[in-house]
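Notes for the one structure printed next.
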Amino acid sequence: MSALLELQGVWAGYGGSDVLRDLTFSVPAGSVTCVVGPNGAGKSTILRVVSGQVTPRKGTVTFEGKRISGLNPRQILGLGIVQVAQSHSLFPDMTVRENVEMGGFLLRDRAEVARRLRQIEDLFPIVVDRAEDKAGALSGGQQRLVEFARCLMLDPKLVVLDEPSMGLDPKTLKNVLQQVRTMWEDGRTILLVEQNVRAGLSLATRAVVVESGQVRLEGTGSEVNSNPEIAHLYLGGGTASAAVPASD
Ligand SMILES: Nc1ncnc2c1ncn2[C@@H]1O[C@H](COP(=O)(O)OP(=O)(O)O)[C@@H](O)[C@H]1O
Ligand SMILES: [Mg+2]
């Protein structure tokens with residue numbers, strides 16, 4: 001698989017101190033690439049570098065072979081990289097449908113907004129079932145699904161997710177990660193950070209372990225999953241079993 005996104009020797013951080021230190025990895029086109037690692041390792045910072053909220057001090061980020069480091073978030077969004085905000089990003093007093101339509105804010109053509117909304121309704125039943133309900137009336141997990149649906153309005157090539165399962169009970173987590181798989185099957189490349197390592201790796205086609213702002217290990221989801229050291233560090237010993245069943 002060729003790389004859709006590449007980070008090459010990236011140094012980046014906040015206020016003059018580096019969090020990412022010579023970080024290099026790539027996100028293959030058509031992959032679900034999952035970044036795992038301890039708290040404070042720099043995972044969210046990686047995603048901020050990708051979406052343009054943090055500019056690297058050194059190194060480059062390329063998307064479809066073109067350099068994007070140095071571009072602003074709006075420009076990066078326009079290229080087809082959409083990051084779903086960590087949580088509570090819906091307008092609670094607007095309906096579910098209105099929230100999803102808002103995702104198409106960069107689109108001028110109303111007919112195009114309507115066309116995409118219909119496609120998204122096919123992928124996310126909740127957008128139909130709860131269309132007229134206020135977003136604020138939904139559970140945390142349901143709101144997460146509407147956030148996913150909204151991000152698809154821009155027809156992104158790369159969907160960036162920071163800990164999509166955060167704060168969800170196990171059943172809702174499974175449903176939310178299934179919908180990540182749905183977005184992937186719909187043709188999106190996914191870059192996600194997941195603190196639920198078992199669930200994240202079971203979904204991933206590619207996994208990157210980050211520690212102290214550097215890549216510690218990179219491989220297929222199952223390679224990382226079955227690495228004894230990683231199992232010991234992050235999975236409480238033993239290797240992970242699939243928390244999300246593979247689709248057939
Ligand atoms: N906005 C910020 N300003 C200053 N330091 C930050 C900011 N965001 C994160 N950091 C610091 O950068 C380091 C990495 O943070 P982060 O990328 O959020 O890690 P992770 O997502 O892996 O938990 C941490 O030490 C954190 O305190
Ligand atoms: Mg984080």
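By order of appearance in the structure tokens: chains A, B, ..., then residues from 1 within every chain, and ligands from 1 in the order shown.
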- Query: What's the 12 Å shell around A:Lys171, counting only C-alpha atoms, without same-chain residues fewer than 2 positions away, as a list of chain:residue names?
  - Reply: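 Returned residues: A:Gly141, A:Gln142, A:Ser165, A:Gly167, A:Leu168, A:Asp169, A:Leu173, A:Lys174, A:Asn175, A:Val176, A:Leu177, A:Gln178, A:Ala199, A:Ala243, A:Val244.
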Using the selection just defined, write its residues with C-alpha atoms as a short mmCIF file (atom, residue, chain, number, x, y, z; two decimals), in the first residue's frame.
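Okay, again.cif is ready:
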```cif
data_model
loop_
_atom_site.label_atom_id
_atom_site.label_comp_id
_atom_site.auth_asym_id
_atom_site.auth_seq_id
_atom_site.Cartn_x
_atom_site.Cartn_y
_atom_site.Cartn_z
CA GLY A 141 -22.17 7.34 22.37
CA GLN A 142 -24.99 8.48 20.09
CA SER A 165 -14.18 5.46 22.68
CA GLY A 167 -16.03 7.81 28.25
CA LEU A 168 -18.18 5.13 26.63
CA ASP A 169 -19.44 1.94 28.26
CA LEU A 173 -17.64 1.42 22.59
CA LYS A 174 -18.13 -1.65 20.42
CA ASN A 175 -20.85 0.08 18.44
CA VAL A 176 -18.78 3.24 17.98
CA LEU A 177 -15.76 1.25 16.78
CA GLN A 178 -18.01 -0.69 14.41
CA ALA A 199 -10.11 -2.58 20.84
CA ALA A 243 -12.71 -6.91 20.80
CA VAL A 244 -14.31 -5.96 17.51
#
```
- Message: Hey, which residues sit close to ligand 2? Say within 7 Å, counting only C-alpha atoms and all ligand atoms, and write them as a list in words.
- Response: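 Those within range of ligand 2 are Asn39, Gly40, Gly42, Lys43, Ser44 and Asp162 of chain A.
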Please identify all polymer residues within 12 Å of A:Val224, counting only C-alpha atoms, omitting same-chain residues fewer than 3 positions from it, and present them as a PDB file with N, CA and C atoms, in the first residue's frame.
```pdb
ATOM      1  N   THR A  33      -5.061   3.119  10.661  1.00  0.00           N
ATOM      2  CA  THR A  33      -3.800   3.197  11.392  1.00  0.00           C
ATOM      3  C   THR A  33      -4.090   3.680  12.806  1.00  0.00           C
ATOM      4  N   CYS A  34      -3.680   2.868  13.778  1.00  0.00           N
ATOM      5  CA  CYS A  34      -3.991   3.169  15.180  1.00  0.00           C
ATOM      6  C   CYS A  34      -2.702   3.506  15.925  1.00  0.00           C
ATOM      7  N   VAL A  35      -2.690   4.671  16.559  1.00  0.00           N
ATOM      8  CA  VAL A  35      -1.543   5.089  17.370  1.00  0.00           C
ATOM      9  C   VAL A  35      -1.866   4.796  18.829  1.00  0.00           C
ATOM     10  N   VAL A  36      -0.982   4.033  19.479  1.00  0.00           N
ATOM     11  CA  VAL A  36      -1.158   3.771  20.904  1.00  0.00           C
ATOM     12  C   VAL A  36       0.112   4.175  21.646  1.00  0.00           C
ATOM     13  N   GLY A  37      -0.014   4.298  22.956  1.00  0.00           N
ATOM     14  CA  GLY A  37       1.139   4.678  23.771  1.00  0.00           C
ATOM     15  C   GLY A  37       0.654   5.282  25.069  1.00  0.00           C
ATOM     16  N   VAL A 197      -6.453  -0.138  24.084  1.00  0.00           N
ATOM     17  CA  VAL A 197      -5.473  -0.686  23.143  1.00  0.00           C
ATOM     18  C   VAL A 197      -5.982  -1.953  22.459  1.00  0.00           C
ATOM     19  N   ARG A 198      -6.607  -2.823  23.229  1.00  0.00           N
ATOM     20  CA  ARG A 198      -7.129  -4.056  22.629  1.00  0.00           C
ATOM     21  C   ARG A 198      -8.123  -3.750  21.521  1.00  0.00           C
ATOM     22  N   GLY A 200      -8.602  -0.939  19.920  1.00  0.00           N
ATOM     23  CA  GLY A 200      -7.976  -0.167  18.837  1.00  0.00           C
ATOM     24  C   GLY A 200      -7.180  -1.067  17.902  1.00  0.00           C
ATOM     25  N   LEU A 201      -6.370  -1.948  18.486  1.00  0.00           N
ATOM     26  CA  LEU A 201      -5.520  -2.807  17.651  1.00  0.00           C
ATOM     27  C   LEU A 201      -6.328  -3.854  16.895  1.00  0.00           C
ATOM     28  N   SER A 202      -7.430  -4.263  17.452  1.00  0.00           N
ATOM     29  CA  SER A 202      -8.227  -5.276  16.757  1.00  0.00           C
ATOM     30  C   SER A 202      -8.887  -4.685  15.515  1.00  0.00           C
ATOM     31  N   ALA A 204      -7.367  -2.134  13.831  1.00  0.00           N
ATOM     32  CA  ALA A 204      -6.324  -1.524  12.997  1.00  0.00           C
ATOM     33  C   ALA A 204      -5.758  -2.488  11.958  1.00  0.00           C
ATOM     34  N   THR A 205      -5.459  -1.969  10.779  1.00  0.00           N
ATOM     35  CA  THR A 205      -4.653  -2.721   9.817  1.00  0.00           C
ATOM     36  C   THR A 205      -3.176  -2.376  10.021  1.00  0.00           C
ATOM     37  N   ARG A 206      -2.920  -1.232  10.668  1.00  0.00           N
ATOM     38  CA  ARG A 206      -1.560  -0.742  10.887  1.00  0.00           C
ATOM     39  C   ARG A 206      -1.512  -0.137  12.280  1.00  0.00           C
ATOM     40  N   ALA A 207      -0.462  -0.430  13.036  1.00  0.00           N
ATOM     41  CA  ALA A 207      -0.380   0.109  14.389  1.00  0.00           C
ATOM     42  C   ALA A 207       0.982   0.745  14.627  1.00  0.00           C
ATOM     43  N   VAL A 208       0.967   1.826  15.377  1.00  0.00           N
ATOM     44  CA  VAL A 208       2.190   2.558  15.694  1.00  0.00           C
ATOM     45  C   VAL A 208       2.211   2.769  17.208  1.00  0.00           C
ATOM     46  N   VAL A 209       3.270   2.304  17.839  1.00  0.00           N
ATOM     47  CA  VAL A 209       3.411   2.509  19.283  1.00  0.00           C
ATOM     48  C   VAL A 209       4.347   3.696  19.500  1.00  0.00           C
ATOM     49  N   VAL A 210       3.854   4.700  20.203  1.00  0.00           N
ATOM     50  CA  VAL A 210       4.628   5.916  20.433  1.00  0.00           C
ATOM     51  C   VAL A 210       4.951   6.032  21.913  1.00  0.00           C
ATOM     52  N   ARG A 216       8.145   3.696  18.822  1.00  0.00           N
ATOM     53  CA  ARG A 216       8.798   2.585  19.500  1.00  0.00           C
ATOM     54  C   ARG A 216       8.668   1.310  18.672  1.00  0.00           C
ATOM     55  N   LEU A 217       7.526   1.154  18.018  1.00  0.00           N
ATOM     56  CA  LEU A 217       7.249  -0.069  17.268  1.00  0.00           C
ATOM     57  C   LEU A 217       6.179   0.248  16.227  1.00  0.00           C
ATOM     58  N   GLU A 218       6.308  -0.367  15.066  1.00  0.00           N
ATOM     59  CA  GLU A 218       5.345  -0.120  13.996  1.00  0.00           C
ATOM     60  C   GLU A 218       5.109  -1.448  13.290  1.00  0.00           C
ATOM     61  N   GLY A 219       3.910  -1.751  12.931  1.00  0.00           N
ATOM     62  CA  GLY A 219       3.632  -2.996  12.219  1.00  0.00           C
ATOM     63  C   GLY A 219       2.164  -3.146  11.921  1.00  0.00           C
ATOM     64  N   THR A 220       1.777  -4.337  11.489  1.00  0.00           N
ATOM     65  CA  THR A 220       0.344  -4.566  11.310  1.00  0.00           C
ATOM     66  C   THR A 220      -0.292  -4.603  12.698  1.00  0.00           C
ATOM     67  N   GLY A 221      -1.608  -4.429  12.728  1.00  0.00           N
ATOM     68  CA  GLY A 221      -2.319  -4.473  14.002  1.00  0.00           C
ATOM     69  C   GLY A 221      -2.014  -5.749  14.764  1.00  0.00           C
ATOM     70  N   ASN A 227       3.097  -8.736  19.919  1.00  0.00           N
ATOM     71  CA  ASN A 227       4.442  -8.461  20.425  1.00  0.00           C
ATOM     72  C   ASN A 227       4.439  -8.618  21.954  1.00  0.00           C
ATOM     73  N   PRO A 228       5.255  -9.546  22.484  1.00  0.00           N
ATOM     74  CA  PRO A 228       5.162  -9.840  23.926  1.00  0.00           C
ATOM     75  C   PRO A 228       5.443  -8.630  24.808  1.00  0.00           C
ATOM     76  N   GLU A 229       6.391  -7.792  24.380  1.00  0.00           N
ATOM     77  CA  GLU A 229       6.738  -6.633  25.200  1.00  0.00           C
ATOM     78  C   GLU A 229       5.564  -5.652  25.270  1.00  0.00           C
ATOM     79  N   ILE A 230       4.926  -5.464  24.109  1.00  0.00           N
ATOM     80  CA  ILE A 230       3.781  -4.552  24.051  1.00  0.00           C
ATOM     81  C   ILE A 230       2.623  -5.138  24.853  1.00  0.00           C
ATOM     82  N   ALA A 231       2.445  -6.443  24.708  1.00  0.00           N
ATOM     83  CA  ALA A 231       1.381  -7.092  25.467  1.00  0.00           C
ATOM     84  C   ALA A 231       1.607  -6.859  26.961  1.00  0.00           C
ATOM     85  N   HIS A 232       2.863  -6.972  27.371  1.00  0.00           N
ATOM     86  CA  HIS A 232       3.190  -6.791  28.786  1.00  0.00           C
ATOM     87  C   HIS A 232       2.944  -5.343  29.219  1.00  0.00           C
ATOM     88  N   LEU A 233       3.360  -4.404  28.379  1.00  0.00           N
ATOM     89  CA  LEU A 233       3.274  -2.989  28.739  1.00  0.00           C
ATOM     90  C   LEU A 233       1.847  -2.458  28.729  1.00  0.00           C
ATOM     91  N   TYR A 234       1.093  -2.847  27.687  1.00  0.00           N
ATOM     92  CA  TYR A 234      -0.192  -2.177  27.476  1.00  0.00           C
ATOM     93  C   TYR A 234      -1.402  -3.068  27.640  1.00  0.00           C
ATOM     94  N   LEU A 235      -1.182  -4.349  27.599  1.00  0.00           N
ATOM     95  CA  LEU A 235      -2.348  -5.226  27.550  1.00  0.00           C
ATOM     96  C   LEU A 235      -2.458  -6.097  28.794  1.00  0.00           C
ATOM     97  N   THR A 239      -1.691 -11.878  24.902  1.00  0.00           N
ATOM     98  CA  THR A 239      -1.959 -11.091  23.700  1.00  0.00           C
ATOM     99  C   THR A 239      -3.440 -10.811  23.619  1.00  0.00           C
ATOM    100  N   ALA A 240      -3.750  -9.748  22.905  1.00  0.00           N
ATOM    101  CA  ALA A 240      -5.135  -9.279  22.873  1.00  0.00           C
ATOM    102  C   ALA A 240      -6.002 -10.174  22.003  1.00  0.00           C
TER     103      ALA A 240
END
```
- Item | Residues of stretch 15-127 of chain A in strand (DSSP E or B), written as a VMD selection string | chain A and resid 17 to 28 32 to 36 58 to 63 66 to 67 81 to 84 95
File of the preceding selection, N, CA and C atoms, as an mmCIF file, in the first residue's frame:
```
data_model
loop_
_atom_site.group_PDB
_atom_site.id
_atom_site.type_symbol
_atom_site.label_atom_id
_atom_site.label_comp_id
_atom_site.auth_asym_id
_atom_site.auth_seq_id
_atom_site.Cartn_x
_atom_site.Cartn_y
_atom_site.Cartn_z
ATOM 1 N N SER A 17 9.233 23.903 23.685
ATOM 2 C CA SER A 17 9.733 22.577 24.095
ATOM 3 C C SER A 17 9.113 21.498 23.205
ATOM 4 N N ASP A 18 9.921 20.523 22.857
ATOM 5 C CA ASP A 18 9.486 19.508 21.909
ATOM 6 C C ASP A 18 8.792 18.341 22.599
ATOM 7 N N VAL A 19 7.649 17.983 22.052
ATOM 8 C CA VAL A 19 6.943 16.783 22.505
ATOM 9 C C VAL A 19 7.247 15.639 21.535
ATOM 10 N N LEU A 20 7.197 15.945 20.245
ATOM 11 C CA LEU A 20 7.549 14.956 19.228
ATOM 12 C C LEU A 20 9.003 15.163 18.857
ATOM 13 N N ARG A 21 9.770 14.076 18.875
ATOM 14 C CA ARG A 21 11.211 14.193 18.665
ATOM 15 C C ARG A 21 11.662 13.233 17.586
ATOM 16 N N ASP A 22 11.776 13.771 16.399
ATOM 17 C CA ASP A 22 12.214 12.991 15.253
ATOM 18 C C ASP A 22 11.257 11.830 14.973
ATOM 19 N N LEU A 23 10.006 12.179 14.890
ATOM 20 C CA LEU A 23 8.952 11.166 14.717
ATOM 21 C C LEU A 23 8.724 10.888 13.231
ATOM 22 N N THR A 24 8.798 9.628 12.872
ATOM 23 C CA THR A 24 8.592 9.219 11.478
ATOM 24 C C THR A 24 7.656 8.025 11.431
ATOM 25 N N PHE A 25 6.558 8.174 10.708
ATOM 26 C CA PHE A 25 5.737 7.013 10.371
ATOM 27 C C PHE A 25 4.802 7.402 9.234
ATOM 28 N N SER A 26 4.172 6.396 8.631
ATOM 29 C CA SER A 26 3.255 6.721 7.541
ATOM 30 C C SER A 26 1.925 6.005 7.717
ATOM 31 N N VAL A 27 0.927 6.579 7.094
ATOM 32 C CA VAL A 27 -0.426 6.036 7.112
ATOM 33 C C VAL A 27 -0.727 5.539 5.706
ATOM 34 N N PRO A 28 -0.730 4.209 5.499
ATOM 35 C CA PRO A 28 -0.995 3.702 4.150
ATOM 36 C C PRO A 28 -2.409 4.069 3.675
ATOM 37 N N VAL A 32 -6.592 1.431 8.376
ATOM 38 C CA VAL A 32 -6.953 1.986 9.678
ATOM 39 C C VAL A 32 -5.658 1.967 10.465
ATOM 40 N N THR A 33 -5.061 3.119 10.661
ATOM 41 C CA THR A 33 -3.800 3.197 11.392
ATOM 42 C C THR A 33 -4.090 3.680 12.806
ATOM 43 N N CYS A 34 -3.680 2.868 13.778
ATOM 44 C CA CYS A 34 -3.991 3.169 15.180
ATOM 45 C C CYS A 34 -2.702 3.506 15.925
ATOM 46 N N VAL A 35 -2.690 4.671 16.559
ATOM 47 C CA VAL A 35 -1.543 5.089 17.370
ATOM 48 C C VAL A 35 -1.866 4.796 18.829
ATOM 49 N N VAL A 36 -0.982 4.033 19.479
ATOM 50 C CA VAL A 36 -1.158 3.771 20.904
ATOM 51 C C VAL A 36 0.112 4.175 21.646
ATOM 52 N N LYS A 58 10.634 21.167 12.944
ATOM 53 C CA LYS A 58 11.520 20.523 11.956
ATOM 54 C C LYS A 58 10.774 19.336 11.371
ATOM 55 N N GLY A 59 11.182 18.914 10.178
ATOM 56 C CA GLY A 59 10.578 17.740 9.565
ATOM 57 C C GLY A 59 9.405 18.124 8.675
ATOM 58 N N THR A 60 8.850 17.114 8.010
ATOM 59 C CA THR A 60 7.763 17.404 7.067
ATOM 60 C C THR A 60 6.602 16.423 7.246
ATOM 61 N N VAL A 61 5.440 16.938 6.896
ATOM 62 C CA VAL A 61 4.253 16.091 6.784
ATOM 63 C C VAL A 61 3.796 16.191 5.338
ATOM 64 N N THR A 62 3.622 15.042 4.680
ATOM 65 C CA THR A 62 3.122 15.066 3.312
ATOM 66 C C THR A 62 1.830 14.269 3.218
ATOM 67 N N PHE A 63 0.935 14.763 2.380
ATOM 68 C CA PHE A 63 -0.358 14.136 2.140
ATOM 69 C C PHE A 63 -0.516 13.997 0.640
ATOM 70 N N LYS A 66 2.207 15.591 -1.319
ATOM 71 C CA LYS A 66 2.427 17.041 -1.262
ATOM 72 C C LYS A 66 2.635 17.492 0.183
ATOM 73 N N ARG A 67 3.546 18.416 0.347
ATOM 74 C CA ARG A 67 3.852 18.874 1.697
ATOM 75 C C ARG A 67 2.674 19.663 2.280
ATOM 76 N N ILE A 81 -8.627 16.239 4.860
ATOM 77 C CA ILE A 81 -8.269 15.658 6.163
ATOM 78 C C ILE A 81 -9.212 16.263 7.196
ATOM 79 N N VAL A 82 -10.056 15.419 7.777
ATOM 80 C CA VAL A 82 -11.029 15.921 8.739
ATOM 81 C C VAL A 82 -10.785 15.274 10.088
ATOM 82 N N GLN A 83 -10.622 16.107 11.102
ATOM 83 C CA GLN A 83 -10.462 15.582 12.459
ATOM 84 C C GLN A 83 -11.771 15.739 13.219
ATOM 85 N N VAL A 84 -12.204 14.643 13.823
ATOM 86 C CA VAL A 84 -13.389 14.702 14.680
ATOM 87 C C VAL A 84 -12.931 15.171 16.048
ATOM 88 N N THR A 95 -31.024 20.188 15.855
ATOM 89 C CA THR A 95 -31.390 18.783 15.664
ATOM 90 C C THR A 95 -30.194 18.003 15.116
#
```
Using the chain letters and numbers from this document, which residues of stretch 27-127 of chain A does DSSP assign to helix (DSSP H, G or I), as a PDB file with C-alpha atoms, in the first residue's frame?
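Result saved to out22.pdb:
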```
ATOM      1  CA  LYS A  43      -0.419  11.039  20.543  1.00  0.00           C
ATOM      2  CA  SER A  44      -2.811  13.990  20.494  1.00  0.00           C
ATOM      3  CA  THR A  45       0.066  16.220  19.444  1.00  0.00           C
ATOM      4  CA  ILE A  46       0.630  13.987  16.400  1.00  0.00           C
ATOM      5  CA  LEU A  47      -2.991  14.475  15.382  1.00  0.00           C
ATOM      6  CA  ARG A  48      -2.691  18.242  15.906  1.00  0.00           C
ATOM      7  CA  VAL A  49       0.342  18.290  13.631  1.00  0.00           C
ATOM      8  CA  VAL A  50      -1.619  16.389  10.978  1.00  0.00           C
ATOM      9  CA  SER A  51      -4.612  18.745  11.171  1.00  0.00           C
ATOM     10  CA  PRO A  73      -6.090  23.994   9.544  1.00  0.00           C
ATOM     11  CA  ARG A  74      -8.612  25.343   7.056  1.00  0.00           C
ATOM     12  CA  GLN A  75      -6.294  24.594   4.108  1.00  0.00           C
ATOM     13  CA  ILE A  76      -5.662  21.087   5.416  1.00  0.00           C
ATOM     14  CA  LEU A  77      -9.397  20.517   5.842  1.00  0.00           C
ATOM     15  CA  GLY A  78      -9.861  21.614   2.254  1.00  0.00           C
ATOM     16  CA  VAL A  96     -29.314  15.798  14.634  1.00  0.00           C
ATOM     17  CA  ARG A  97     -29.980  16.504  10.948  1.00  0.00           C
ATOM     18  CA  GLU A  98     -29.064  20.184  11.303  1.00  0.00           C
ATOM     19  CA  ASN A  99     -25.823  19.223  13.020  1.00  0.00           C
ATOM     20  CA  VAL A 100     -24.894  16.817  10.247  1.00  0.00           C
ATOM     21  CA  GLU A 101     -25.760  19.391   7.574  1.00  0.00           C
ATOM     22  CA  MET A 102     -23.476  21.859   9.364  1.00  0.00           C
ATOM     23  CA  ARG A 110     -27.209  22.888  -1.482  1.00  0.00           C
ATOM     24  CA  ALA A 111     -27.974  19.999  -3.818  1.00  0.00           C
ATOM     25  CA  GLU A 112     -24.561  18.542  -3.011  1.00  0.00           C
ATOM     26  CA  VAL A 113     -25.283  18.902   0.726  1.00  0.00           C
ATOM     27  CA  ALA A 114     -28.570  17.036   0.240  1.00  0.00           C
ATOM     28  CA  ARG A 115     -26.891  14.314  -1.832  1.00  0.00           C
ATOM     29  CA  ARG A 116     -24.194  13.698   0.748  1.00  0.00           C
ATOM     30  CA  LEU A 117     -26.725  13.725   3.565  1.00  0.00           C
ATOM     31  CA  ARG A 118     -28.576  10.870   1.854  1.00  0.00           C
ATOM     32  CA  GLN A 119     -25.364   8.845   1.528  1.00  0.00           C
ATOM     33  CA  ILE A 120     -24.563   9.412   5.193  1.00  0.00           C
ATOM     34  CA  GLU A 121     -28.087   8.403   6.217  1.00  0.00           C
ATOM     35  CA  ASP A 122     -27.414   5.042   4.572  1.00  0.00           C
ATOM     36  CA  LEU A 123     -24.276   4.555   6.681  1.00  0.00           C
ATOM     37  CA  PRO A 125     -29.125   4.909  10.781  1.00  0.00           C
ATOM     38  CA  ILE A 126     -29.131   7.225  13.793  1.00  0.00           C
ATOM     39  CA  VAL A 127     -29.132  10.228  11.456  1.00  0.00           C
TER      40      VAL A 127
END
```
- Using only C-alpha atoms and all ligand atoms, find the one residue out of A:Met183, A:Leu154, A:Val159, A:Leu192 that sits nearest to ligand 1.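 When distances to ligand 1 are compared using only C-alpha atoms and all ligand atoms, the smallest one comes from A:Leu192.
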- Item | Nearest candidate to ligand 1 (options A:Asn225, A:Gln53, A:Gln143, A:Ser87; using only C-alpha atoms and all ligand atoms) |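 Checking each candidate against ligand 1, we get A:Gln53 as the closest.
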- For ligand 1, the nearest of the candidates A:Ser31, A:Thr172, A:Gln195, A:Ser226, counting only C-alpha atoms and all ligand atoms: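 Under the stated criterion, the closest residue is A:Gln195.
Minimum atom-to-atom distances from A:Met94, A:Leu203, A:Cys151, A:Ala41 to A:Ala135 were compared using only C-alpha atoms, and the lowest value belongs to A:Met94.
The space separating atom CA of A:Glu64 from atom CA of A:Ala29 comes to 9.0 Å.
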- Between atom 12 (O, counted along the ligand's line) of ligand 1 and atom CA of A:Val146, what is the spacing in Å?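 Going from atom CA of A:Val146 over to atom 12 (O, counted along the ligand's line) of ligand 1 covers 28.7 Å.
The smallest atom-to-atom distance between ligand 1 and any of A:Ala137, A:Val54, A:Val10, A:Leu71, using only C-alpha atoms and all ligand atoms, is found for A:Val54.
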